[in-house]
Amino acid sequence: MAKDNQFVNQIADIETDFPRWYTDVVTKTGLVDYGPVKGTMVIRPYGYAIWENIQKELDARFKATGHKNAYFPLLIPYSFMTREAEHVEGFAPEVAVVTVGGGEELAEPLVIRPTSETIFGAMYSKWIQSYRDLPVLINQWANVMRWEKTTRPFLRTSEFLWQEGHTAHATEEEAMEETMKMLGVYKVFAETCLAMPVFTGRKTEKEKFAGAVATFGMDAMMHDGKSLQAGTSHYLGQNFAKAFDIQFLDKDGVHKYAYTSSWGVSTRLIGALIMTHGDARGLILPPVVAPVQAIIVPIAAKKEGVLEATEALRAQLCAAGIRAETDTTDNSPGWKFNEWEMKGVPLRIELGPRDIEAGKMTLVRRDTHEKTEAPLTGAPETVQKLLAEIQSNLFALAKKRKEERVVSAANVQELLAGVEGGNFVKAGWCGCRECEDAIKEQTAASARVLVGGEEADTCVCCGKKAKHVVLFARAY
RNA sequence: CGAGGUGUAGCGCAGUUUGGUAGCGCGCUUGGUUCGGGACCAAGAGGUCGUGGGUUCAAGUCCCGUCACCUCGACCA
């Protein structure tokens with residue numbers, strides 16, 4: 001047994017101090033460090049590897065739906081931002097502006113992109129002439145900068161990495177179909193790769209993207225019952241087409257404005273992952289995106305044959321496509337167990353003289369802590385199977401929590417009680433901004449998504465006839 | 001920007017009330033013994049106490065200024 005708990009719990013208690021648990025976990029497990037400029041984060045190799053796995057999975061899905069990758073510039077003329085009225089109003093307060101270049105004051109200031117609708121719009125205007133040029137389906141992997149007032153690693157940083165898809169279509173229907181299709185891609189990705197169940201739906205006007213006709217979002221429930229917006233897909237209508245003059249000559253010989261969409265997910269997904277699956281010991285990473293899927297811990301490493309056996313096993317697992325590593329440091333086994341558990345590695349394989357003699361390995365699951373033994377022969381298949389089980393178990397656990405913690409409310413008091421109990425709250429809403437603001441004021445909860453296919457009688461706030469069923473929650 | 005809080009070794013902290021040689025734990029270095037849930041022994045290295053000024057024989061400690069960071073609000077992927 002451990003001598004005491006003093007060193008086991010290097011991280012804050014997850015139940016009583018979740019925000020602190022989160023920052024402890026992201027910094028102490030080597031995912032990130034704080035950058036020298038306030039609000040920026042350095043994503044360290046262990047954290048970046050998660051992002052690479054996310055990229056790989058998403059990119060394959062984008063390609064499969066006909067999208068191509070490209071790269072657009074970081075710097076955007078300030079005037080671009082002002083062409084779409086809502087857009088500039090929404091983003092102006094948080095843009096970083098470059099005013100000097102080469103030691104001289106610039107004639108026109110440049111903004112460091114907070115998002116790229118404007119520059120995509122400017123280029124699409126040049127590229128699109130005919131209906132034959134449509135649709136244009138482009139995605140870019142990039143960094144963006146938004147000068148946020150308060151920041152937290154992954155969840156909100158001044159600079160973050162993301163993917164932004166920008167598409168142009170001949171018709172409203174097609175653009176809307178694209179918007180919904182990509183929201184669906186995000187949802188499937190979140191559930192199958194991140195093992196993270198999500199709520200999807202339309203956002204209210206208040207929560208809408210600046211410049212969009214309609215925004216659809218995907219929100220996930222975090223461990224403490226708060227919501228995190230994990231992805232968005234916007235139907236932009238002709239707003240940006242008109243602002244940037246994206247016109248095409250249609251089959252009927254008439255010049256028409258294109259209909260555009262944009263959609264994105266960011267490194268915030270990593271934060272979402274952590275806040276969805278963590279426990280008192282630290283991170284739990286779903287196998288699909290875990291940088292290390294199986295960590296091999298040699299026991300009595302100096303004894304003859306142990307290191308040879310662990311290396312043989314590692315090579316065998318890696319050859320089968322499993323991300324396996326061996327911890328060959330001279331820390332004690334107990335130290336390694338705790339360290340790798342904190343880092344969220346889904347499966348630990350202990351290999352010591354006893355195992356080797358018996359031709360076995362000892363397996364310990366991160367999600368259930370269940371310890372089993374299995375023969376060394378056929379190790380890759382055994383490990384693959386276990387990893388798949390862990391992946392689906394994580395999803396099942398998160399889904400169960402998600403379903404248990406949605407309650408209904410008939411009035412603001414119930415809504416308040418619901419969110420204070422760490423729940424998402426379903427309630428009727430009349431659709432007016434005043435009620436939405438009043439609810440935020442009184443409960444600190446905001447409208448996450450409009451729930452489709454359900455009806456309510458009265459508004460939870462004013463009691464008038466309800467137009468929508470809304471999922472309310474406190475949000476990060 | 002409004003309200004609170006914190007700055008002392010890489011990390012976490014004590015010391016500040018009542019001024020008097022700069023401390024503790026972890027980590028780090030070297031050597032040895034260990035290894036199935038955060039091992040042990042021994043010897044080391046490491047600090048302009050955020051910063052500027054003031055009071056004093058003497059300031060981590062008292063006074064004034066200033067900066068940074070954290071938490072909670074307003075804003076947001």
# chains A, B, ... in the order shown; residues from 1 in each chain; ligands from 1
$ interface_residues --of "chain A" --to "chain B" --cutoff "9 Å" --atoms "only C-alpha atoms (C1' of nucleotides)" --output "mmCIF file with C-alpha atoms, in the first residue's frame"
data_model
loop_
_atom_site.group_PDB
_atom_site.id
_atom_site.type_symbol
_atom_site.label_atom_id
_atom_site.label_comp_id
_atom_site.auth_asym_id
_atom_site.auth_seq_id
_atom_site.Cartn_x
_atom_site.Cartn_y
_atom_site.Cartn_z
ATOM 1 C CA MET A 1 0.000 0.000 0.000
ATOM 2 C CA ALA A 2 0.948 3.580 -0.445
ATOM 3 C CA LYS A 3 2.604 5.121 2.555
ATOM 4 C CA ASP A 4 -0.103 7.718 2.660
ATOM 5 C CA ASN A 5 -2.332 9.672 0.357
ATOM 6 C CA PHE A 7 1.308 12.117 -3.016
ATOM 7 C CA VAL A 8 -1.431 10.048 -4.563
ATOM 8 C CA PRO A 93 -14.362 43.516 -29.229
ATOM 9 C CA GLU A 94 -12.140 40.466 -29.304
ATOM 10 C CA ARG A 146 -9.764 35.915 -29.899
ATOM 11 C CA GLU A 148 -10.762 36.728 -24.344
ATOM 12 C CA LYS A 149 -10.987 38.348 -20.961
ATOM 13 C CA LEU A 155 -11.799 25.685 -22.915
ATOM 14 C CA ARG A 156 -11.027 29.293 -23.652
ATOM 15 C CA PHE A 160 -6.637 28.102 -30.274
ATOM 16 C CA TRP A 162 -9.382 24.448 -34.872
ATOM 17 C CA GLN A 229 -20.387 23.949 -26.505
ATOM 18 C CA ALA A 230 -18.253 21.474 -28.370
ATOM 19 C CA GLY A 231 -18.963 22.315 -31.977
ATOM 20 C CA THR A 232 -21.052 24.551 -34.181
ATOM 21 C CA GLY A 264 -15.952 24.240 -36.770
ATOM 22 C CA VAL A 265 -14.599 22.364 -33.824
ATOM 23 C CA SER A 266 -11.542 23.315 -31.844
ATOM 24 C CA THR A 267 -8.990 22.130 -29.308
ATOM 25 C CA ARG A 268 -11.790 22.776 -26.866
ATOM 26 C CA ILE A 299 8.124 -5.314 -12.705
ATOM 27 C CA ALA A 300 11.572 -6.015 -11.256
ATOM 28 C CA ALA A 301 13.052 -4.680 -14.462
ATOM 29 C CA LYS A 302 16.593 -5.619 -13.509
ATOM 30 C CA ASP A 330 13.563 3.539 -12.616
ATOM 31 C CA ASN A 331 10.581 4.774 -10.681
ATOM 32 C CA SER A 332 8.901 2.175 -8.507
ATOM 33 C CA PRO A 333 5.995 0.265 -10.060
ATOM 34 C CA GLY A 334 3.505 1.918 -7.729
ATOM 35 C CA TRP A 335 4.665 5.309 -8.848
ATOM 36 C CA LYS A 336 4.250 4.336 -12.468
ATOM 37 C CA PHE A 337 0.772 2.941 -11.891
ATOM 38 C CA ASN A 338 -0.413 6.188 -10.390
ATOM 39 C CA GLU A 339 1.325 8.352 -12.919
ATOM 40 C CA GLU A 350 2.119 -5.314 -15.983
ATOM 41 C CA LEU A 351 4.818 -7.754 -16.895
ATOM 42 C CA GLY A 352 7.069 -9.260 -14.232
ATOM 43 C CA ARG A 354 5.896 -14.238 -12.329
#
$ select_by_dssp --residues "range 154-272 of chain A" --states "alpha helix (DSSP H)" --output "ChimeraX atom specification"
/A:172-192,239-244,268-272
$ atom_distance --atom1 "CA of Ile295 in chain A" --atom2 "CA of Arg314 in chain A"
8.8 Å
$ residues_around --residues "G32 in chain B" --least-positions-apart "6" --cutoff "12 Å" --atoms "only C-alpha atoms (C1' of nucleotides)" --output "ChimeraX atom specification"
/B:40-43
$ residues_around --residues "G7 in chain B" --least-positions-apart "6" --cutoff "12 Å" --atoms "only C-alpha atoms (C1' of nucleotides)" --output "NGL selection string"
:B and (49-51 or 60 or 67-70)
$ write_last_selection --atoms "C-alpha atoms (C1' of nucleotides)" --output "CSV table (one decimal), in the first residue's frame"
chain,number,residue,atom,x,y,z
B,49,C,C1',11.2,36.7,-0.2
B,50,G,C1',6.9,40.0,-7.4
B,51,U,C1',8.7,45.0,-7.9
B,60,G,C1',10.1,38.4,4.1
B,67,C,C1',3.1,45.0,-11.4
B,68,A,C1',1.6,40.0,-12.1
B,69,C,C1',-1.5,36.0,-11.4
B,70,C,C1',-6.0,33.4,-9.4
